[in-house]
Amino acid sequence: MTALIWRDVRRYYAGGGATLLVSFFLLVATLFPFAIGPDATLLARVGGGVIWAAALLAALLPVERLVAPDLDSGVIDQLIVRGRTPVTIALAKVVAHWLAFAPPLLFATLVAAALLDLSAAQLLLVLAGLALGTPGLAALAVATAALTAGVRGAGAVAGLVMLPLAVPLLIFGAGTLTGGGGGLELLAATSLVLLVGTPIAAGAAIRAALE
Amino acid sequence: MTLLAARGLAVARGGRWLAEGIELTLERGGAALVTGPNGAGKSSLLRVLAGLLAPAAGTVARGGRVAWMGEAAALDPERALAEALRFWAAQDDVPAAETRVAAALSAVALDDLADVPVRLLSTGQRRRAALARVVASGAELWLLDEPASGLDAAAVARLALLLEGHRGAGGAAVVTTHQPLALPDAIEVAL
C-alpha cells in the first residue's frame with residue numbers, strides 16, 4: 001500500500017505534474033485581474049473565491065492520468081491478482097493524489113495571494129480551507145478518473161462529472177472566507193464525506209472497467 | 001494439494017457466452033494448455049481463473065498464490081527494468097527480493113538490461129520481463145496468457161524450461177497459446 005502510494009507520487013512529480021499544476025493554477029488566478037480590472041479593493045474581496053475556483057480547476061487537470069493508464073498497462077490487474085481490492089487501490093490513489101497535488105497547490109496559493117493582494121487574515125483562511133478541502137477534492141478526482149477511465153476524450157467528460165459534485169466543497173470553502181460561523185467545520189465535514197464515499201464508488205468503477 | 005479447481009465454469013464477454021461447462025483441476029506439478037482460435041475466449045477464461053473477471057456460471061477455487069502474466073507488461077516505462085520488477089517483488093512480499101529479481105532476470109536472459117528503462121525494451125524483451133516477474137513472485141499457480149507471443153525460438157525454449165522447473169518444484173500453470181509450446185502431460189482445454 002505504502003509502496004503503491006509512493007510510486008504514484010513519484011510518477012506525478014517525475015512527470016512534471018507539479019510544475020504543470022502550479023503554472024495552470026497561477027494562470028487561472030491571473031486571468032481574473034485581467035477580466036475584472038485592476039481595482040485592488042475589488043480583487044482583495046473576490047481573491048479568496050478566485051483561488052478556490054482555480055484550485056478546483058487545477059485538481060481536475062491530472063484526472064486522465066490517475067486511473068486509466070494503470071488499467072491499460074495491467075498494473076491494476078496485477079494488484080488485484082495479489083489480493084488488493086479495488087476499493088483499497090482507489091484509497092491508495094486518493095492518498096497519493098493528495099500528497100502529489102496539495103503541497104504544490106498550497107505553495108502556489110501563497111504566490112496567488114500576493115498577486116491578488118489578499119490580506120494576511122484572508123490568506124490564512126484560504127490556506128486552512130484548502131488544507132481541509134483538498135483531501136475531498138483528491139477523492140473526487142480519483143472517483144471521476146475511475147468513472148471516466150476508458151471513455152474517449154475523458155478529459156471533457158471528467159469536467160462534467162466532477163465540477164458539479166465539487167460545488168459543495170466550493171460553497172463551503174469560499175464560505176469560510178466571509179467568516180460565517182462553523183465554515184471550516186462544514187468544509188471539513190464535506191471533505192470527510194467525500195473521502196469516505198468516493199473510494200467505494202471508485203472501487204466499483206475500477207471493478208466495472210475490468211469487465 | 002489442489003492448486004486450482006474450476007467447476008462448471010462458463011465464460012461470457014459483453015453478454016455473449018464464449019465457453020461453458022469447463023472442468024479443470026490442477027494438482028501440484030500439473031499444467032493446462034488452453035487452445036482455440038482467436039476470440040474463442042482463451043484470455044477471458046484465464047482472467048476468470050485469475051479472479052479478474054466474474055464467471056458467468058460455476059466456481060473457481062485457488063489453493064495458493066497466483067502469478068498473472070497478461071497482455072500488458074505492467075512495468076512503469078520510465079523505471080529501470082530491475083527497479084520496476086523489484087516494485088512487484090515488494091508487492092509479493094517475498095524474502096530476499098533483490099536476489100530473486102536478479103535470478104529471475106538471468107532466467108529470462110535479460111540480466112544485461114537490468115539498468116535499462118523499460119520503455120527502451122522491445123516487445124519480446126517486455127514479454128520476457130513480464131515472465132521474469134512471474135518467476136520472481138514465487139507464486140504456486142502461474143496463469144500465463146500467450147506467454148510465447150513475440151518471443152524468438154531461444155526464448156520459447158527457455159519458457160518451456162522455466163515451466164518445467166516450476167512444475168518440478170511443485171507449482172502448477174495454466175497457459176493459453178496458439179503456437180506450439182512444449183508442456184508435457186498438460187491437460188488440454190480446447191475452446
# chains A, B, ... in the order shown; residues from 1 in each chain; ligands from 1

call {"tool": "interface_residues", "arguments": {"of": "chain A", "to": "chain B", "cutoff": "7 Å", "atoms": "only C-alpha atoms", "output": "PyMOL selection string"}}
result
chain A and resi 73-75+77-78+81+210-211

call {"tool": "closest_atom_pairs", "arguments": {"of": "range 17-127 of chain B", "to": "range 172-184 of chain B", "cutoff": "8 Å", "atoms": "only C-alpha atoms", "output": "Markdown table"}}
result
| residue | atom | partner | partner_atom | distance |
| --- | --- | --- | --- | --- |
| B:Leu26 | CA | B:Ala172 | CA | 6.7 |
| B:Glu27 | CA | B:Ala172 | CA | 6.9 |
| B:Arg28 | CA | B:Ala172 | CA | 5.6 |
| B:Gly29 | CA | B:Ala172 | CA | 5.1 |
| B:Gly30 | CA | B:Ala172 | CA | 4.9 |
| B:Ala31 | CA | B:Ala173 | CA | 4.8 |
| B:Ala32 | CA | B:Val174 | CA | 4.7 |
| B:Leu33 | CA | B:Val175 | CA | 5.0 |
| B:Val34 | CA | B:Thr176 | CA | 4.5 |
| B:Thr35 | CA | B:Thr177 | CA | 5.9 |
| B:Gly36 | CA | B:His178 | CA | 6.9 |
| B:Pro37 | CA | B:His178 | CA | 7.4 |
| B:Lys42 | CA | B:Thr176 | CA | 6.3 |
| B:Ser43 | CA | B:Thr176 | CA | 7.2 |
| B:Leu46 | CA | B:Thr176 | CA | 7.8 |

call {"tool": "select_by_dssp", "arguments": {"residues": "chain B", "states": "strand (DSSP E or B)", "output": "count of residues only"}}
result
55

call {"tool": "closest_residue", "arguments": {"among": "A:Leu79, A:Leu187, A:Leu140, A:Leu60", "to": "Val126 in chain A", "atoms": "only C-alpha atoms"}}
result
A:Leu187

call {"tool": "residues_around", "arguments": {"residues": "Ala96 in chain A", "least_positions_apart": "6", "cutoff": "10 Å", "atoms": "only C-alpha atoms", "output": "mmCIF file with C-alpha atoms, in the first residue's frame"}}
result
data_model
loop_
_atom_site.group_PDB
_atom_site.id
_atom_site.type_symbol
_atom_site.label_atom_id
_atom_site.label_comp_id
_atom_site.auth_asym_id
_atom_site.auth_seq_id
_atom_site.Cartn_x
_atom_site.Cartn_y
_atom_site.Cartn_z
ATOM 1 C CA THR A 2 2.768 2.459 1.005
ATOM 2 C CA LEU A 4 1.891 1.917 -4.254
ATOM 3 C CA ILE A 5 1.243 5.411 -2.857
ATOM 4 C CA TRP A 6 4.914 6.270 -3.119
ATOM 5 C CA ARG A 7 5.043 5.020 -6.714
ATOM 6 C CA ASP A 8 2.115 7.252 -7.732
ATOM 7 C CA VAL A 9 3.573 10.310 -6.003
ATOM 8 C CA ARG A 10 6.978 9.726 -7.584
ATOM 9 C CA TYR A 12 3.451 12.528 -10.585
ATOM 10 C CA LEU A 66 -4.873 8.923 -12.374
ATOM 11 C CA ALA A 90 -8.783 3.627 -5.031
ATOM 12 C CA ALA A 138 -8.426 14.455 -4.349
ATOM 13 C CA VAL A 142 -9.885 9.768 -8.268
#

call {"tool": "residues_around", "arguments": {"residues": "Gly150 in chain B", "least_positions_apart": "6", "cutoff": "9 Å", "atoms": "only C-alpha atoms", "output": "VMD selection string"}}
result
chain B and resid 123 to 125 127

call {"tool": "atom_distance", "arguments": {"atom1": "CA of Ser191 in chain A", "atom2": "CA of Asp117 in chain A"}}
result
27.6 Å

call {"tool": "closest_residue", "arguments": {"among": "A:Leu116, A:Ala166, A:Val87, A:Val193", "to": "Ile36 in chain A", "atoms": "only C-alpha atoms"}}
result
A:Leu116

call {"tool": "atom_distance", "arguments": {"atom1": "CA of Leu99 in chain A", "atom2": "CA of Leu85 in chain B"}}
result
24.3 Å

call {"tool": "closest_residue", "arguments": {"among": "A:Ala154, A:Leu57, A:Val67, A:Leu132", "to": "Ala202 in chain A", "atoms": "only C-alpha atoms"}}
result
A:Val67

call {"tool": "closest_residue", "arguments": {"among": "A:Leu61, A:Leu91, A:Val50, A:Leu21", "to": "Met1 in chain A", "atoms": "only C-alpha atoms"}}
result
A:Leu91

call {"tool": "residues_around", "arguments": {"residues": "Leu194 in chain A", "least_positions_apart": "2", "cutoff": "12 Å", "atoms": "only C-alpha atoms", "output": "MDAnalysis selection string"}}
result
chainID A and resid 91 94 132:144 162 165:166 168:169 187:192 196:202

call {"tool": "select_by_dssp", "arguments": {"residues": "range 171-207 of chain A", "states": "alpha helix (DSSP H)", "output": "ChimeraX atom specification"}}
result
/A:171-175,183-207

call {"tool": "write_last_selection", "arguments": {"atoms": "C-alpha atoms", "output": "PDB file, in the first residue's frame"}}
result
ATOM      1  CA  ILE A 171     -19.528  26.717  -1.447  1.00  0.00           C
ATOM      2  CA  PHE A 172     -18.239  25.775   1.983  1.00  0.00           C
ATOM      3  CA  GLY A 173     -14.658  26.581   1.018  1.00  0.00           C
ATOM      4  CA  ALA A 174     -15.470  30.051  -0.211  1.00  0.00           C
ATOM      5  CA  GLY A 175     -17.957  30.342   2.680  1.00  0.00           C
ATOM      6  CA  GLY A 183     -17.361  27.437   7.956  1.00  0.00           C
ATOM      7  CA  LEU A 184     -14.229  25.363   8.382  1.00  0.00           C
ATOM      8  CA  GLU A 185     -16.144  22.639  10.243  1.00  0.00           C
ATOM      9  CA  LEU A 186     -18.691  22.354   7.422  1.00  0.00           C
ATOM     10  CA  LEU A 187     -15.870  22.223   4.888  1.00  0.00           C
ATOM     11  CA  ALA A 188     -14.084  19.511   6.873  1.00  0.00           C
ATOM     12  CA  ALA A 189     -17.331  17.524   7.112  1.00  0.00           C
ATOM     13  CA  THR A 190     -17.914  17.743   3.344  1.00  0.00           C
ATOM     14  CA  SER A 191     -14.342  16.689   2.701  1.00  0.00           C
ATOM     15  CA  LEU A 192     -14.761  13.738   5.066  1.00  0.00           C
ATOM     16  CA  VAL A 193     -17.986  12.587   3.404  1.00  0.00           C
ATOM     17  CA  LEU A 194     -16.234  12.641   0.010  1.00  0.00           C
ATOM     18  CA  LEU A 195     -13.204  10.815   1.429  1.00  0.00           C
ATOM     19  CA  VAL A 196     -15.360   8.009   2.790  1.00  0.00           C
ATOM     20  CA  GLY A 197     -17.825   7.737  -0.056  1.00  0.00           C
ATOM     21  CA  THR A 198     -15.813   8.167  -3.219  1.00  0.00           C
ATOM     22  CA  PRO A 199     -13.305   5.292  -2.803  1.00  0.00           C
ATOM     23  CA  ILE A 200     -16.282   2.916  -2.740  1.00  0.00           C
ATOM     24  CA  ALA A 201     -17.655   4.448  -5.944  1.00  0.00           C
ATOM     25  CA  ALA A 202     -14.182   4.485  -7.491  1.00  0.00           C
ATOM     26  CA  GLY A 203     -13.624   0.852  -6.489  1.00  0.00           C
ATOM     27  CA  ALA A 204     -16.885  -0.174  -8.153  1.00  0.00           C
ATOM     28  CA  ALA A 205     -15.906   1.774 -11.273  1.00  0.00           C
ATOM     29  CA  ILE A 206     -12.498   0.057 -11.397  1.00  0.00           C
ATOM     30  CA  ARG A 207     -14.161  -3.339 -10.957  1.00  0.00           C
TER      31      ARG A 207
END

call {"tool": "closest_residue", "arguments": {"among": "A:Ala113, A:Val151, A:Leu170, A:Leu27", "to": "Leu56 in chain A", "atoms": "only C-alpha atoms"}}
result
A:Leu170

call {"tool": "atom_distance", "arguments": {"atom1": "CA of Gly168 in chain B", "atom2": "CA of Pro147 in chain B"}}
result
19.1 Å

call {"tool": "closest_residue", "arguments": {"among": "B:Glu23, B:Leu4, B:Val118, B:Val60", "to": "Ala190 in chain B", "atoms": "only C-alpha atoms"}}
result
B:Glu23

call {"tool": "decode", "arguments": {"residues": "range 10-154 of chain A", "atoms": "C-alpha atoms", "output": "JSON list (two decimals), in the first residue's frame"}}
result
[["chain", "number", "residue", "atom", "x", "y", "z"],
["A", 10, "ARG", "CA", 6.98, 9.73, -7.58],
["A", 11, "ARG", "CA", 5.45, 9.32, -11.04],
["A", 12, "TYR", "CA", 3.45, 12.53, -10.59],
["A", 13, "TYR", "CA", 6.48, 14.64, -9.71],
["A", 14, "ALA", "CA", 8.76, 12.90, -12.21],
["A", 15, "GLY", "CA", 6.20, 13.51, -14.95],
["A", 16, "GLY", "CA", 6.28, 17.26, -14.29],
["A", 17, "GLY", "CA", 2.80, 17.22, -12.74],
["A", 18, "ALA", "CA", 3.65, 19.73, -10.03],
["A", 19, "THR", "CA", 5.06, 22.34, -12.43],
["A", 20, "LEU", "CA", 2.03, 21.98, -14.66],
["A", 21, "LEU", "CA", -0.33, 22.33, -11.71],
["A", 22, "VAL", "CA", 1.36, 25.42, -10.29],
["A", 23, "SER", "CA", 1.57, 27.14, -13.70],
["A", 24, "PHE", "CA", -2.05, 26.34, -14.53],
["A", 25, "PHE", "CA", -3.31, 27.47, -11.13],
["A", 26, "LEU", "CA", -1.42, 30.77, -11.32],
["A", 27, "LEU", "CA", -2.56, 31.33, -14.88],
["A", 28, "VAL", "CA", -6.22, 30.93, -13.89],
["A", 29, "ALA", "CA", -5.69, 33.18, -10.86],
["A", 30, "THR", "CA", -4.16, 35.92, -13.03],
["A", 31, "LEU", "CA", -6.99, 35.73, -15.56],
["A", 32, "PHE", "CA", -9.38, 37.30, -13.05],
["A", 33, "PRO", "CA", -7.48, 40.60, -12.57],
["A", 34, "PHE", "CA", -7.42, 40.88, -16.38],
["A", 35, "ALA", "CA", -11.12, 40.13, -16.62],
["A", 36, "ILE", "CA", -12.45, 42.33, -13.82],
["A", 37, "GLY", "CA", -9.87, 45.12, -13.88],
["A", 38, "PRO", "CA", -7.01, 46.08, -11.55],
["A", 39, "ASP", "CA", -9.20, 47.51, -8.75],
["A", 40, "ALA", "CA", -7.26, 46.48, -5.62],
["A", 41, "THR", "CA", -10.18, 46.52, -3.18],
["A", 42, "LEU", "CA", -12.39, 44.51, -5.53],
["A", 43, "LEU", "CA", -9.59, 41.99, -6.15],
["A", 44, "ALA", "CA", -8.89, 41.63, -2.45],
["A", 45, "ARG", "CA", -12.59, 40.92, -1.88],
["A", 46, "VAL", "CA", -13.02, 38.29, -4.63],
["A", 47, "GLY", "CA", -9.45, 36.95, -4.37],
["A", 48, "GLY", "CA", -10.22, 34.12, -1.96],
["A", 49, "GLY", "CA", -13.06, 32.87, -4.12],
["A", 50, "VAL", "CA", -10.87, 33.11, -7.22],
["A", 51, "ILE", "CA", -8.26, 30.91, -5.53],
["A", 52, "TRP", "CA", -10.93, 28.34, -4.68],
["A", 53, "ALA", "CA", -12.22, 28.23, -8.25],
["A", 54, "ALA", "CA", -8.66, 27.93, -9.57],
["A", 55, "ALA", "CA", -7.93, 25.11, -7.11],
["A", 56, "LEU", "CA", -10.99, 23.23, -8.31],
["A", 57, "LEU", "CA", -9.94, 23.51, -11.95],
["A", 58, "ALA", "CA", -6.35, 22.57, -11.09],
["A", 59, "ALA", "CA", -7.49, 19.42, -9.28],
["A", 60, "LEU", "CA", -9.24, 18.38, -12.48],
["A", 61, "LEU", "CA", -6.06, 18.71, -14.53],
["A", 62, "PRO", "CA", -4.43, 15.28, -13.94],
["A", 63, "VAL", "CA", -7.69, 13.27, -13.93],
["A", 64, "GLU", "CA", -6.89, 11.42, -17.14],
["A", 65, "ARG", "CA", -3.59, 10.22, -15.69],
["A", 66, "LEU", "CA", -4.87, 8.92, -12.37],
["A", 67, "VAL", "CA", -6.53, 5.59, -13.21],
["A", 68, "ALA", "CA", -6.77, 4.95, -16.96],
["A", 69, "PRO", "CA", -3.00, 4.40, -17.57],
["A", 70, "ASP", "CA", -2.85, 1.80, -14.79],
["A", 71, "LEU", "CA", -5.85, -0.03, -16.23],
["A", 72, "ASP", "CA", -4.28, -0.03, -19.71],
["A", 73, "SER", "CA", -0.84, -1.10, -18.56],
["A", 74, "GLY", "CA", -2.19, -4.01, -16.50],
["A", 75, "VAL", "CA", -0.98, -2.59, -13.17],
["A", 76, "ILE", "CA", -4.47, -2.85, -11.67],
["A", 77, "ASP", "CA", -4.78, -6.47, -12.88],
["A", 78, "GLN", "CA", -1.52, -7.29, -11.13],
["A", 79, "LEU", "CA", -2.64, -5.64, -7.90],
["A", 80, "ILE", "CA", -5.98, -7.45, -7.88],
["A", 81, "VAL", "CA", -4.31, -10.80, -8.52],
["A", 82, "ARG", "CA", -2.21, -10.05, -5.43],
["A", 83, "GLY", "CA", -5.36, -9.70, -3.36],
["A", 84, "ARG", "CA", -5.73, -5.92, -3.25],
["A", 85, "THR", "CA", -9.38, -4.91, -3.58],
["A", 86, "PRO", "CA", -10.45, -2.16, -5.99],
["A", 87, "VAL", "CA", -11.50, -0.04, -3.01],
["A", 88, "THR", "CA", -8.03, -0.33, -1.43],
["A", 89, "ILE", "CA", -6.46, 0.62, -4.76],
["A", 90, "ALA", "CA", -8.78, 3.63, -5.03],
["A", 91, "LEU", "CA", -7.96, 4.67, -1.47],
["A", 92, "ALA", "CA", -4.22, 4.43, -2.16],
["A", 93, "LYS", "CA", -4.73, 6.58, -5.25],
["A", 94, "VAL", "CA", -6.64, 9.20, -3.23],
["A", 95, "VAL", "CA", -3.84, 9.45, -0.67],
["A", 96, "ALA", "CA", -1.19, 9.56, -3.41],
["A", 97, "HIS", "CA", -3.09, 12.19, -5.39],
["A", 98, "TRP", "CA", -3.49, 14.34, -2.31],
["A", 99, "LEU", "CA", 0.21, 14.05, -1.46],
["A", 100, "ALA", "CA", 1.05, 14.91, -5.06],
["A", 101, "PHE", "CA", -1.19, 17.90, -5.66],
["A", 102, "ALA", "CA", -1.93, 19.53, -2.30],
["A", 103, "PRO", "CA", 1.61, 20.72, -1.36],
["A", 104, "PRO", "CA", 2.31, 22.44, -4.71],
["A", 105, "LEU", "CA", -1.20, 23.90, -4.65],
["A", 106, "LEU", "CA", -0.72, 25.41, -1.19],
["A", 107, "PHE", "CA", 2.62, 26.81, -2.33],
["A", 108, "ALA", "CA", 1.01, 28.31, -5.44],
["A", 109, "THR", "CA", -1.69, 29.82, -3.24],
["A", 110, "LEU", "CA", 0.95, 31.92, -1.49],
["A", 111, "VAL", "CA", 2.01, 33.35, -4.83],
["A", 112, "ALA", "CA", -1.57, 33.87, -6.00],
["A", 113, "ALA", "CA", -2.41, 35.64, -2.74],
["A", 114, "ALA", "CA", 0.35, 38.13, -3.44],
["A", 115, "LEU", "CA", -0.90, 38.64, -6.99],
["A", 116, "LEU", "CA", -4.46, 39.23, -5.78],
["A", 117, "ASP", "CA", -3.36, 41.39, -2.84],
["A", 118, "LEU", "CA", -5.09, 39.25, -0.20],
["A", 119, "SER", "CA", -4.79, 40.30, 3.44],
["A", 120, "ALA", "CA", -2.85, 38.03, 5.82],
["A", 121, "ALA", "CA", -6.07, 37.05, 7.61],
["A", 122, "GLN", "CA", -7.74, 36.10, 4.30],
["A", 123, "LEU", "CA", -4.67, 34.15, 3.20],
["A", 124, "LEU", "CA", -4.68, 32.16, 6.43],
["A", 125, "LEU", "CA", -8.36, 31.33, 5.94],
["A", 126, "VAL", "CA", -7.74, 30.25, 2.34],
["A", 127, "LEU", "CA", -4.79, 28.07, 3.33],
["A", 128, "ALA", "CA", -6.71, 26.46, 6.20],
["A", 129, "GLY", "CA", -9.68, 25.91, 3.92],
["A", 130, "LEU", "CA", -7.59, 24.38, 1.16],
["A", 131, "ALA", "CA", -5.78, 22.13, 3.63],
["A", 132, "LEU", "CA", -9.19, 20.80, 4.73],
["A", 133, "GLY", "CA", -10.81, 20.79, 1.30],
["A", 134, "THR", "CA", -8.07, 19.26, -0.84],
["A", 135, "PRO", "CA", -8.50, 15.69, 0.56],
["A", 136, "GLY", "CA", -12.11, 15.84, -0.62],
["A", 137, "LEU", "CA", -11.01, 17.23, -3.97],
["A", 138, "ALA", "CA", -8.43, 14.46, -4.35],
["A", 139, "ALA", "CA", -11.05, 11.82, -3.54],
["A", 140, "LEU", "CA", -13.44, 13.33, -6.07],
["A", 141, "ALA", "CA", -10.72, 13.46, -8.74],
["A", 142, "VAL", "CA", -9.89, 9.77, -8.27],
["A", 143, "ALA", "CA", -13.55, 8.75, -8.40],
["A", 144, "THR", "CA", -14.01, 10.81, -11.57],
["A", 145, "ALA", "CA", -10.87, 9.29, -13.05],
["A", 146, "ALA", "CA", -12.16, 5.77, -12.33],
["A", 147, "LEU", "CA", -15.62, 6.53, -13.70],
["A", 148, "THR", "CA", -14.31, 8.03, -16.94],
["A", 149, "ALA", "CA", -11.45, 5.56, -17.49],
["A", 150, "GLY", "CA", -11.90, 4.05, -20.93],
["A", 151, "VAL", "CA", -14.11, 6.88, -22.18],
["A", 152, "ARG", "CA", -12.73, 8.55, -25.26],
["A", 153, "GLY", "CA", -11.99, 12.24, -24.63],
["A", 154, "ALA", "CA", -12.24, 11.53, -20.92]]
